[in-house]
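Asker: What follows is entry_33.cif; its format and atoms are mmCIF, C-alpha atoms and all ligand atoms.
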```
data_entry
loop_
_atom_site.label_atom_id
_atom_site.label_comp_id
_atom_site.auth_asym_id
_atom_site.auth_seq_id
_atom_site.Cartn_x
_atom_site.Cartn_y
_atom_site.Cartn_z
CA MET A 1 -68.12 -17.55 65.94
CA ALA A 2 -64.83 -19.41 66.06
CA GLN A 3 -62.11 -18.03 63.81
CA PRO A 4 -61.32 -20.33 60.86
CA VAL A 5 -57.98 -22.06 61.33
CA PRO A 6 -55.44 -21.54 58.54
CA ARG A 7 -54.33 -24.70 56.79
CA LEU A 8 -50.76 -23.36 56.80
CA GLU A 9 -49.38 -20.78 59.13
CA ILE A 10 -45.79 -19.66 59.56
CA ARG A 11 -44.77 -17.36 62.36
CA ASN A 12 -41.59 -15.31 62.47
CA LEU A 13 -39.46 -17.64 60.37
CA VAL A 14 -35.81 -16.65 60.33
CA ARG A 15 -32.95 -18.19 58.33
CA ARG A 16 -29.37 -16.94 58.28
CA PHE A 17 -26.53 -18.02 56.04
CA GLY A 18 -23.00 -16.94 57.03
CA GLY A 19 -24.12 -13.93 59.05
CA GLN A 20 -26.64 -12.77 56.44
CA THR A 21 -30.34 -12.96 57.32
CA VAL A 22 -32.01 -14.20 54.11
CA VAL A 23 -35.43 -14.83 55.68
CA ASP A 24 -36.21 -12.21 58.29
CA HIS A 25 -39.22 -12.82 60.57
CA VAL A 26 -41.58 -13.94 57.83
CA SER A 27 -45.16 -14.66 58.93
CA LEU A 28 -48.11 -15.62 56.76
CA SER A 29 -51.07 -17.92 56.65
CA VAL A 30 -52.95 -19.71 53.88
CA MET A 31 -56.53 -21.02 54.13
CA PRO A 32 -57.71 -24.23 52.41
CA GLY A 33 -58.56 -23.60 48.77
CA GLN A 34 -56.57 -20.37 48.79
CA VAL A 35 -53.57 -19.50 46.63
CA THR A 36 -51.02 -17.18 48.18
CA CYS A 37 -48.16 -15.98 46.02
CA LEU A 38 -44.83 -15.15 47.56
CA LEU A 39 -43.69 -12.52 45.09
CA GLY A 40 -40.32 -10.82 45.00
CA PRO A 41 -37.10 -10.28 43.08
CA SER A 42 -34.49 -12.97 42.69
CA GLY A 43 -32.56 -13.69 45.87
CA CYS A 44 -35.07 -12.14 48.30
CA GLY A 45 -35.54 -15.42 50.22
CA LYS A 46 -38.68 -16.91 48.66
CA SER A 47 -37.30 -20.39 47.94
CA THR A 48 -35.61 -20.60 51.33
CA THR A 49 -38.99 -19.88 52.96
CA LEU A 50 -40.61 -22.61 50.90
CA ARG A 51 -37.83 -25.09 51.71
CA MET A 52 -38.30 -24.53 55.43
CA ILE A 53 -42.03 -25.23 55.13
CA ALA A 54 -41.28 -28.39 53.13
CA GLY A 55 -38.88 -29.42 55.89
CA VAL A 56 -35.75 -29.71 53.76
CA GLU A 57 -34.21 -26.64 55.36
CA MET A 58 -34.23 -25.85 59.10
CA GLN A 59 -35.16 -22.39 60.34
CA ASP A 60 -32.98 -20.61 62.91
CA SER A 61 -36.14 -19.50 64.68
CA GLY A 62 -39.90 -19.34 64.17
CA GLU A 63 -42.71 -21.88 63.93
CA ILE A 64 -44.73 -23.67 61.29
CA TYR A 65 -48.31 -24.84 61.91
CA VAL A 66 -50.64 -27.02 59.85
CA ASP A 67 -54.35 -26.84 60.76
CA GLY A 68 -53.32 -25.12 63.98
CA ASN A 69 -50.91 -27.90 65.02
CA LEU A 70 -47.22 -27.19 65.40
CA ILE A 71 -45.18 -29.19 62.90
CA CYS A 72 -41.84 -27.51 63.31
CA ASP A 73 -40.00 -25.12 65.58
CA THR A 74 -36.38 -25.14 66.66
CA VAL A 75 -36.92 -28.08 69.04
CA PHE A 76 -39.73 -30.15 67.56
CA ARG A 77 -39.72 -31.23 63.92
CA ILE A 78 -41.97 -33.49 61.86
CA PRO A 79 -39.86 -34.90 59.00
CA PRO A 80 -40.66 -33.80 55.41
CA GLU A 81 -42.23 -37.11 54.37
CA ARG A 82 -44.83 -36.89 57.16
CA ARG A 83 -45.95 -33.32 56.48
CA HIS A 84 -48.49 -34.19 53.73
CA ILE A 85 -47.14 -31.41 51.60
CA GLY A 86 -47.14 -31.59 47.80
CA LEU A 87 -44.20 -30.06 45.98
CA MET A 88 -43.89 -28.75 42.48
CA PHE A 89 -40.78 -27.08 41.17
CA GLN A 90 -39.57 -25.83 37.82
CA ASP A 91 -37.46 -28.98 37.33
CA PHE A 92 -40.36 -31.29 37.93
CA ALA A 93 -38.60 -34.32 36.29
CA LEU A 94 -40.99 -37.19 35.74
CA PHE A 95 -39.55 -40.70 36.06
CA PRO A 96 -38.62 -41.58 32.45
CA HIS A 97 -38.82 -45.36 32.97
CA LEU A 98 -42.35 -45.25 34.43
CA SER A 99 -45.56 -44.84 32.43
CA VAL A 100 -47.56 -41.65 32.84
CA GLY A 101 -50.05 -43.53 35.02
CA ASP A 102 -47.30 -44.99 37.21
CA ASN A 103 -45.73 -41.56 37.57
CA VAL A 104 -49.00 -40.20 38.95
CA ALA A 105 -49.49 -43.30 41.14
CA PHE A 106 -46.01 -42.93 42.65
CA GLY A 107 -46.39 -42.19 46.35
CA LEU A 108 -50.06 -43.22 46.41
CA LYS A 109 -51.29 -45.65 49.04
CA GLY A 110 -54.24 -48.04 48.84
CA THR A 111 -55.34 -51.00 46.73
CA LYS A 112 -54.46 -51.31 43.06
CA GLU A 113 -58.04 -50.38 42.13
CA GLU A 114 -58.10 -47.35 44.42
CA LYS A 115 -54.83 -46.12 43.01
CA ARG A 116 -55.97 -46.66 39.43
CA ALA A 117 -59.21 -44.75 40.11
CA ARG A 118 -57.34 -41.77 41.57
CA VAL A 119 -54.81 -41.74 38.71
CA GLU A 120 -57.62 -41.85 36.13
CA GLU A 121 -59.52 -39.11 37.92
CA LEU A 122 -56.54 -36.77 37.93
CA LEU A 123 -55.34 -37.53 34.41
CA ASP A 124 -58.89 -36.90 33.27
CA LYS A 125 -58.91 -33.55 35.03
CA VAL A 126 -55.67 -32.48 33.32
CA GLY A 127 -56.96 -33.80 29.99
CA LEU A 128 -54.32 -36.52 29.57
CA LYS A 129 -56.14 -39.74 30.40
CA ARG A 130 -55.43 -41.11 26.93
CA PHE A 131 -51.68 -41.10 27.75
CA ILE A 132 -52.07 -43.19 30.92
CA ASP A 133 -50.06 -46.11 29.55
CA GLY A 134 -47.65 -44.00 27.47
CA PHE A 135 -44.23 -42.79 28.55
CA PRO A 136 -43.25 -39.22 29.49
CA TYR A 137 -41.01 -38.73 26.45
CA LEU A 138 -44.14 -38.85 24.25
CA LEU A 139 -45.47 -35.69 25.90
CA SER A 140 -44.78 -32.01 25.23
CA GLY A 141 -43.32 -29.80 27.97
CA GLY A 142 -46.75 -28.48 28.88
CA GLU A 143 -48.25 -31.96 29.05
CA GLN A 144 -45.39 -33.19 31.24
CA GLN A 145 -46.04 -30.23 33.52
CA ARG A 146 -49.68 -31.26 33.85
CA VAL A 147 -48.66 -34.83 34.68
CA ALA A 148 -46.31 -33.46 37.33
CA LEU A 149 -49.21 -31.48 38.78
CA ALA A 150 -51.40 -34.60 38.80
CA ARG A 151 -48.59 -36.52 40.53
CA ALA A 152 -48.16 -33.84 43.18
CA LEU A 153 -51.92 -33.72 43.85
CA ALA A 154 -52.57 -37.48 43.76
CA PRO A 155 -51.97 -38.16 47.49
CA ARG A 156 -54.38 -35.29 48.33
CA PRO A 157 -51.76 -33.03 49.96
CA ARG A 158 -53.18 -30.60 52.46
CA ILE A 159 -50.67 -28.02 51.27
CA MET A 160 -49.06 -27.47 47.86
CA LEU A 161 -45.77 -25.62 47.60
CA MET A 162 -44.92 -24.46 44.10
CA ASP A 163 -41.61 -22.82 43.19
CA GLU A 164 -41.69 -21.05 39.81
CA PRO A 165 -43.52 -24.08 38.38
CA PHE A 166 -44.31 -22.47 35.03
CA SER A 167 -41.03 -20.78 34.19
CA GLY A 168 -39.82 -23.54 31.88
CA LEU A 169 -42.84 -23.16 29.57
CA ASP A 170 -43.21 -20.87 26.59
CA ASN A 171 -45.45 -17.84 27.00
CA ARG A 172 -48.55 -18.91 25.12
CA LEU A 173 -48.63 -22.32 26.76
CA ARG A 174 -48.03 -20.83 30.16
CA ASP A 175 -51.28 -18.87 30.43
CA ASP A 176 -53.40 -21.92 29.62
CA ILE A 177 -51.51 -24.14 32.04
CA ARG A 178 -51.71 -21.52 34.79
CA ASP A 179 -55.50 -21.35 34.40
CA GLN A 180 -55.93 -25.12 34.32
CA THR A 181 -53.64 -25.53 37.31
CA LEU A 182 -55.57 -22.96 39.28
CA GLU A 183 -58.85 -24.67 38.53
CA LEU A 184 -57.53 -28.04 39.65
CA LEU A 185 -55.93 -26.67 42.81
CA LYS A 186 -59.24 -25.07 43.80
CA GLU A 187 -61.11 -28.32 43.17
CA GLU A 188 -58.67 -30.22 45.36
CA ASP A 189 -59.02 -27.63 48.14
CA ALA A 190 -55.32 -27.56 48.98
CA ALA A 191 -53.72 -24.48 50.54
CA VAL A 192 -51.24 -23.30 47.95
CA LEU A 193 -48.11 -21.24 48.43
CA LEU A 194 -46.64 -20.32 45.08
CA VAL A 195 -43.27 -18.63 44.68
CA THR A 196 -42.75 -16.36 41.71
CA HIS A 197 -40.73 -13.32 40.67
CA GLU A 198 -43.27 -12.42 37.97
CA PRO A 199 -45.94 -9.89 38.99
CA GLU A 200 -48.27 -10.96 36.15
CA GLU A 201 -48.15 -14.56 37.37
CA ALA A 202 -48.98 -13.50 40.92
CA MET A 203 -51.84 -11.29 39.72
CA ARG A 204 -53.24 -14.12 37.62
CA MET A 205 -52.95 -16.87 40.21
CA ALA A 206 -53.20 -15.35 43.67
CA ASP A 207 -56.05 -14.81 46.06
CA GLU A 208 -53.46 -13.09 48.17
CA ILE A 209 -49.99 -11.73 47.39
CA ALA A 210 -47.18 -11.50 49.92
CA LEU A 211 -44.65 -9.06 48.52
CA MET A 212 -41.16 -9.96 49.68
CA ARG A 213 -37.97 -7.89 49.63
CA LYS A 214 -34.59 -8.47 51.31
CA GLY A 215 -35.94 -11.36 53.36
CA LYS A 216 -39.00 -9.51 54.66
CA ILE A 217 -42.64 -9.40 53.69
CA VAL A 218 -43.26 -5.73 52.96
CA GLN A 219 -46.94 -5.95 52.08
CA GLN A 220 -49.61 -8.62 52.04
CA GLY A 221 -53.13 -8.53 50.63
CA ALA A 222 -55.45 -9.15 47.70
CA PRO A 223 -53.85 -8.42 44.29
CA TYR A 224 -56.18 -5.43 43.86
CA ASN A 225 -54.97 -3.86 47.10
CA ILE A 226 -51.30 -4.55 46.47
CA TYR A 227 -51.60 -2.89 43.06
CA ASN A 228 -53.79 0.03 44.09
CA ALA A 229 -52.51 0.78 47.58
CA PRO A 230 -48.77 0.07 47.39
CA VAL A 231 -46.67 0.67 50.50
CA ASP A 232 -43.78 2.45 48.81
CA LYS A 233 -42.33 3.52 45.46
CA GLN A 234 -40.56 0.19 44.95
CA ALA A 235 -43.86 -1.64 45.41
CA VAL A 236 -45.37 0.45 42.60
CA SER A 237 -42.41 -0.04 40.27
CA PHE A 238 -42.33 -3.80 40.85
CA PHE A 239 -45.60 -4.06 38.91
CA SER A 240 -45.11 -1.47 36.17
CA ASP A 241 -43.15 1.43 34.77
CA ILE A 242 -43.58 4.61 36.80
CA ASN A 243 -43.43 8.40 36.44
CA VAL A 244 -42.16 10.41 39.38
CA ILE A 245 -42.31 14.12 40.16
CA ARG A 246 -41.13 15.79 43.35
CA GLY A 247 -42.58 18.37 45.69
CA VAL A 248 -42.13 19.86 49.17
CA VAL A 249 -44.83 19.53 51.83
CA LYS A 250 -46.52 22.56 53.38
CA GLY A 251 -49.60 22.11 55.53
CA ALA A 252 -50.11 18.46 54.48
CA LEU A 253 -50.16 19.56 50.81
CA THR A 254 -47.54 19.69 48.11
CA ASP A 255 -47.56 22.09 45.18
CA THR A 256 -46.38 20.91 41.77
CA ALA A 257 -46.69 21.86 38.11
CA PHE A 258 -49.67 19.47 38.09
CA GLY A 259 -51.41 21.25 40.96
CA GLN A 260 -51.66 20.37 44.64
CA PHE A 261 -51.55 16.86 46.11
CA LEU A 262 -52.45 15.69 49.57
CA ALA A 263 -49.53 14.57 51.71
CA PRO A 264 -51.23 13.53 54.94
CA GLY A 265 -49.01 12.82 57.92
CA ILE A 266 -45.86 14.11 56.22
CA PRO A 267 -44.20 17.01 58.06
CA ASP A 268 -43.75 20.50 56.62
CA GLY A 269 -40.55 20.92 54.63
CA ALA A 270 -40.23 17.21 53.81
CA GLU A 271 -39.61 16.30 50.19
CA VAL A 272 -42.07 13.88 48.61
CA GLU A 273 -42.30 11.86 45.43
CA ILE A 274 -45.58 11.70 43.56
CA VAL A 275 -45.73 8.48 41.60
CA ILE A 276 -48.07 7.55 38.77
CA ARG A 277 -48.20 4.70 36.28
CA PRO A 278 -47.98 5.55 32.55
CA GLN A 279 -51.52 4.31 31.90
CA HIS A 280 -52.89 6.81 34.43
CA LEU A 281 -51.09 9.85 33.11
CA LYS A 282 -53.87 11.61 31.25
CA ILE A 283 -53.26 13.31 27.93
CA ASP A 284 -55.81 16.01 27.22
CA LEU A 285 -56.74 15.27 23.65
CA ASP A 286 -59.87 17.40 23.36
CA ARG A 287 -58.36 20.76 24.10
CA ALA A 288 -54.73 20.09 23.13
CA GLY A 289 -52.68 23.26 23.11
CA LYS A 290 -55.34 25.40 24.77
CA GLY A 291 -54.44 24.70 28.38
CA PRO A 292 -57.45 22.91 29.93
CA LEU A 293 -58.97 24.15 33.15
CA PRO A 294 -58.08 22.30 36.34
CA THR A 295 -60.64 19.84 37.69
CA PRO A 296 -60.80 18.32 41.18
CA GLN A 297 -59.85 14.91 39.84
CA ASP A 298 -57.31 15.78 37.18
CA GLY A 299 -55.71 18.83 38.77
CA VAL A 300 -53.74 21.30 36.71
CA ALA A 301 -52.52 20.37 33.22
CA ALA A 302 -48.86 20.86 32.41
CA ARG A 303 -47.45 21.35 28.92
CA GLY A 304 -44.81 19.27 27.24
CA GLU A 305 -43.64 18.21 23.80
CA VAL A 306 -43.58 14.75 22.32
CA VAL A 307 -40.10 13.21 22.16
CA ARG A 308 -41.10 9.87 20.71
CA ALA A 309 -44.18 7.67 20.26
CA ARG A 310 -44.16 3.93 19.67
CA PHE A 311 -46.86 1.43 18.89
CA MET A 312 -46.66 -1.51 21.33
CA GLY A 313 -49.48 -3.74 20.08
CA SER A 314 -52.50 -3.15 22.30
CA GLU A 315 -51.34 0.35 23.28
CA SER A 316 -49.04 3.19 22.28
CA LEU A 317 -46.24 4.53 24.46
CA VAL A 318 -45.68 8.28 24.24
CA GLU A 319 -42.70 10.02 25.82
CA ILE A 320 -43.13 13.71 26.55
CA ARG A 321 -40.51 16.27 27.62
CA MET A 322 -42.12 18.59 30.16
CA ASP A 323 -41.72 22.36 29.84
CA PHE A 324 -41.54 22.93 33.61
CA ASP A 325 -38.33 21.00 34.26
CA GLY A 326 -37.24 19.23 31.05
CA SER A 327 -37.94 15.78 32.53
CA ILE A 328 -39.42 13.06 30.34
CA LEU A 329 -42.71 11.43 31.37
CA LYS A 330 -44.24 8.32 29.83
CA ALA A 331 -47.89 7.87 28.99
CA THR A 332 -49.57 4.81 27.53
CA VAL A 333 -52.67 5.22 25.44
CA PRO A 334 -54.93 2.38 24.24
CA ASN A 335 -54.70 1.44 20.55
CA VAL A 336 -52.86 3.67 18.09
CA PHE A 337 -51.81 7.14 19.14
CA LEU A 338 -48.62 8.24 17.45
CA PRO A 339 -48.16 12.01 17.63
CA LYS A 340 -45.11 13.41 15.82
CA PRO A 341 -42.02 14.49 17.82
CA GLY A 342 -42.29 18.14 18.80
CA LYS A 343 -46.10 18.14 19.03
CA PRO A 344 -47.28 20.02 22.14
CA LEU A 345 -49.47 18.05 24.57
CA TRP A 346 -51.10 18.81 27.91
CA LEU A 347 -50.74 16.19 30.61
CA MET A 348 -52.56 15.63 33.88
CA PHE A 349 -51.67 13.53 36.92
CA ARG A 350 -54.93 11.86 37.89
CA ARG A 351 -55.15 12.48 41.62
CA ASP A 352 -57.06 9.29 42.37
CA ARG A 353 -54.26 7.29 40.73
CA CYS A 354 -51.25 9.00 42.30
CA PHE A 355 -49.24 7.78 45.24
CA VAL A 356 -47.40 10.24 47.47
CA PHE A 357 -44.38 8.91 49.39
CA PRO A 358 -41.71 10.63 51.48
CA LEU A 359 -38.56 10.93 49.36
CA GLY A 360 -36.07 8.09 49.75
CA LYS A 361 -38.19 6.13 52.27
CA SER A 362 -38.99 2.49 51.66
CA VAL A 363 -40.39 -0.18 53.95
CA VAL A 364 -37.02 -2.04 53.96
N1 LIG B 1 -27.70 -23.10 51.40
C1 LIG B 1 -27.36 -21.82 51.26
N2 LIG B 1 -26.16 -21.36 51.65
C2 LIG B 1 -25.81 -20.05 51.56
N3 LIG B 1 -26.62 -19.11 51.02
C3 LIG B 1 -27.82 -19.51 50.59
C4 LIG B 1 -28.26 -20.87 50.68
N4 LIG B 1 -29.51 -20.96 50.16
C5 LIG B 1 -29.83 -19.70 49.77
N5 LIG B 1 -28.82 -18.83 50.02
C6 LIG B 1 -28.83 -17.39 49.75
O1 LIG B 1 -29.99 -16.85 50.33
C7 LIG B 1 -30.52 -15.81 49.53
C8 LIG B 1 -31.98 -16.10 49.22
O2 LIG B 1 -32.06 -17.23 48.35
P1 LIG B 1 -33.44 -17.82 47.82
O3 LIG B 1 -33.12 -18.93 46.87
O4 LIG B 1 -34.31 -18.13 48.98
O5 LIG B 1 -34.03 -16.58 47.04
P2 LIG B 1 -35.22 -16.51 46.00
O6 LIG B 1 -35.97 -15.27 46.34
O7 LIG B 1 -35.96 -17.78 45.95
O8 LIG B 1 -34.44 -16.27 44.64
P3 LIG B 1 -34.62 -17.00 43.22
O9 LIG B 1 -35.93 -16.49 42.68
O10 LIG B 1 -33.45 -16.49 42.43
O11 LIG B 1 -34.58 -18.46 43.49
C9 LIG B 1 -29.65 -15.73 48.29
O12 LIG B 1 -28.71 -14.68 48.47
C10 LIG B 1 -28.95 -17.08 48.28
O13 LIG B 1 -27.68 -16.97 47.67
#
```
Written as C-alpha cells, that's how I'd like the structure from this file.
Answerer:
Amino acid sequence: MAQPVPRLEIRNLVRRFGGQTVVDHVSLSVMPGQVTCLLGPSGCGKSTTLRMIAGVEMQDSGEIYVDGNLICDTVFRIPPERRHIGLMFQDFALFPHLSVGDNVAFGLKGTKEEKRARVEELLDKVGLKRFIDGFPYLLSGGEQQRVALARALAPRPRIMLMDEPFSGLDNRLRDDIRDQTLELLKEEDAAVLLVTHEPEEAMRMADEIALMRKGKIVQQGAPYNIYNAPVDKQAVSFFSDINVIRGVVKGALTDTAFGQFLAPGIPDGAEVEIVIRPQHLKIDLDRAGKGPLPTPQDGVAARGEVVRARFMGSESLVEIRMDFDGSILKATVPNVFLPKPGKPLWLMFRRDRCFVFPLGKSVV
C-alpha cells in the first residue's frame, strides 16, 4: 500500500542569526487532521521554525513540502499568500472597524452568498453566530479568540500554524477554548502545528509532540511516549518535578539504597542518575516504621523523616530527608496526607517508573 503523504513536511530546516544557529536541522511532518505541538522553552527556535513555514522568514537551508510538493527551498519559494496556510498568534487582533461577520469573511473568495454561508457556518461552530453583525469590542477576550479562529479557518487552510494562541487568556477560560479549538480543527481536517512552551497545553492538544531544545528536536512522538519514555533527564523535568539519586554501574546494574536498577548498555564504572517523578515515589503506609520487604516492582525501601508536608488542593506534597545521604526527596500523595515533621517514613522507587540516564549526558 502507498504510504500516506504528510500534509506538511519540513526537512532539515536551518536558520542562523549572527553566527548562532537558532534552528538546527529540524525535520517533522504533520498529517491532515493531526495536531503536532512544537514544545520547548523560550528562545529554543519554535517561532522561527513556524515563521519559515509561513514564508515570512527564509531558511538558510532545508526544504518545506505541502502534500508532497516542494513549496520552499533555498532556490525556489512560493510566497506566503499562496501557501494556503492559516495563521493564529497570541496577538490575533481583529479589525476593530469591521463587524464580526466581516472579520471572518476577510480573505474569503466567492459570491456574497457563499461567503455569508461559510461565515455563518463557522460562527455557529464557535457558538457566536448571534454576534455576526456586532463589533469586536462587544466581545470578551475568549470570544474574540474564537472569532480569530473562525477567521483563520474560513478559507479552509490546508495547514494551520498557531503560535501560543491561548497565552493571553485566563486559566479557566483557556481549557474550554483549547477543547473547542481542537474539536473545530479536527472537523476542518487541517494539519496543525502549534507552538507552545507549556507542557500541559501540548499534552492536552497534541496527537504528537516534538520536543525542542537549543534549536533541535530532541524527541518526537505521542504525548504518552514522550512522558513515559523520555530521552534524558531534562526531558523528564520539562514535564514535572523530579527526584534524582545516583549510582555506579557494575554488570549493567546499579546498586542504591533503594535496591538494584537495570542500566543496560552503560559501561562498568559509569555514574548514572536514577530519576523518578514525585507521584511515583511510593510511601509505604501499611507497614510504616517496620521496614517492608523488597518486592520485584518496588525494590528495597529506604527510611527517611518528614521535613514538611503541604496540602496542594488535589494532592499533598511531602518532603522527606533520607537517612542514607541526608538528601531531600519529594513525594506527592492524592488527597490529604499531612504527616508531622520528624515522622519516620519508608520510601520506594517504583522500578517501572524510574528512568536511568548516564550522569551529565543529554541529547543536546
Ligand atoms: N530576526 C532575528 N534576528 C536575530 N535573532 C533572532 C531573530 N529572530 C529570532 N532570533 C533569536 O533566535 C532565537 C530563537 O527565537 P524564537 O523566537 O524562534 O524562539 P521561541 O522558542 O519561539 O521562543 P519564545 O517562546 O520566547 O517566542 C532567540 O535567541 C531569538 O533571540
Asker: For Arg130 of chain A, find every residue with an atom within 12 Å (counting all atoms listed in the file), except residues of its own chain fewer than 3 positions away, and show them as a list in words.
Answerer: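 The residues satisfying every condition are Ser99, Val100, Gly101, Val119, Glu120, Glu121, Leu122, Leu123, Asp124, Lys125, Val126, Gly127, Asp133, Gly134, Phe135, Leu138, Leu139 and Glu143 of chain A.
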Asker: Report as a PyMOL selection string which protein, DNA and RNA residues come within 12 Å of ligand LIG 1 (chain B), using only C-alpha atoms and all ligand atoms.
Answerer: chain A and resi 14-24+38-52+56-59+89-90+162-165+167+194-198+211-217
Asker: In terms of the shortest atom-to-atom distance over only C-alpha atoms, which of A:Val30, A:Val363, A:Cys354, A:Val35 is closest to Ala202 of chain A?
Answerer: A:Val35
Asker: Using only C-alpha atoms, give me every residue within 12 Å of (-37.7, 0.9, 42.7) in file coordinates, as a list in words.
Answerer: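 Neighbouring residues, ordered by chain and number, come to Pro41, Arg213, Val231, Asp232, Lys233, Gln234, Ala235, Val236, Ser237, Phe238, Phe239, Ser240, Asp241, Ile242, Asn243, Val244, Val275, Gly360, Lys361, Ser362, Val363 and Val364 of chain A.
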Asker: Could the residues of segment 184-290 of chain A that have an atom at most 9 Å from segment 168-178 of chain A be listed as a Markdown table, each with its closest atom pair and the distance in Å to one decimal, counting all atoms listed in the file and ordered by chain and ascending residue number?
Answerer:
```
| residue | atom | partner | partner_atom | distance |
| --- | --- | --- | --- | --- |
| A:Glu201 | CA | A:Arg178 | CA | 8.2 |
| A:Arg204 | CA | A:Arg178 | CA | 8.1 |
| A:Met205 | CA | A:Arg178 | CA | 7.2 |
```
Asker: Neighbouring residues of Ser61 of chain A were defined as those with any atom within 7 Å, considering all atoms listed in the file; residues of the same chain fewer than 5 positions away were excluded. Please report them as a list of chain:residue names.
Answerer: A:Leu13, A:Val14, A:Asp73, A:Thr74
Asker: One decimal, in Å: what's the spacing between atom CA of Ile283 of chain A and atom CA of Glu271 of chain A?
Answerer: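 These atoms are spaced 26.3 Å apart.
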Asker: Using all atoms listed in the file, pick whichever of A:Pro136, A:Gln297, A:Val147, A:Glu208 has the shortest atom-to-atom distance to Leu98 of chain A.
Answerer: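 For Leu98 of chain A, the nearest of the given residues is A:Pro136.
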Asker: Work out how far atom CA of Ala331 of chain A is from atom CA of Leu281 of chain A, in Å to one decimal.
Answerer: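 Value for the atom CA of Leu281 of chain A-atom CA of Ala331 of chain A distance: 5.6 Å.
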Asker: Around segment 83-86 of chain A, with edges along x, y and z and 8 Å added on all six sides, what centre and edge lengths do you get, in Å to one decimal, as AutoDock Vina command-line options?
Answerer:
```
--center_x -47.2 --center_y -32.8 --center_z 52.1 --size_x 18.5 --size_y 18.8 --size_z 24.7
```
Asker: What would the list of residues within 12 Å of (-54.2, 5.6, 39.9) (file frame) look like as a list in words, if all atoms listed in the file are what count?
Answerer: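 In the file's frame, the residues around the point are Tyr224, Asn225, Tyr227, Asn228, Ala229, Pro230, Val236, Ile242, Asn243, Ile274, Val275, Ile276, Arg277, Pro278, Gln279, His280, Leu281, Lys282, Gln297, Asp298, Met348, Phe349, Arg350, Arg351, Asp352, Arg353, Cys354, Phe355 and Val356 of chain A.
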Asker: In Å, how far is it from atom CA of Asp268 of chain A to atom CA of Pro358 of chain A?
Answerer: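 That distance, rounded to one decimal, is 11.3 Å.
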Asker: Determine the nearest neighbour of Val192 of chain A from the options A:Ala263, A:Ile85, A:Ala302, A:Ala222, counting only C-alpha atoms.
Answerer: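 The answer is A:Ile85, which sits nearest to Val192 of chain A.
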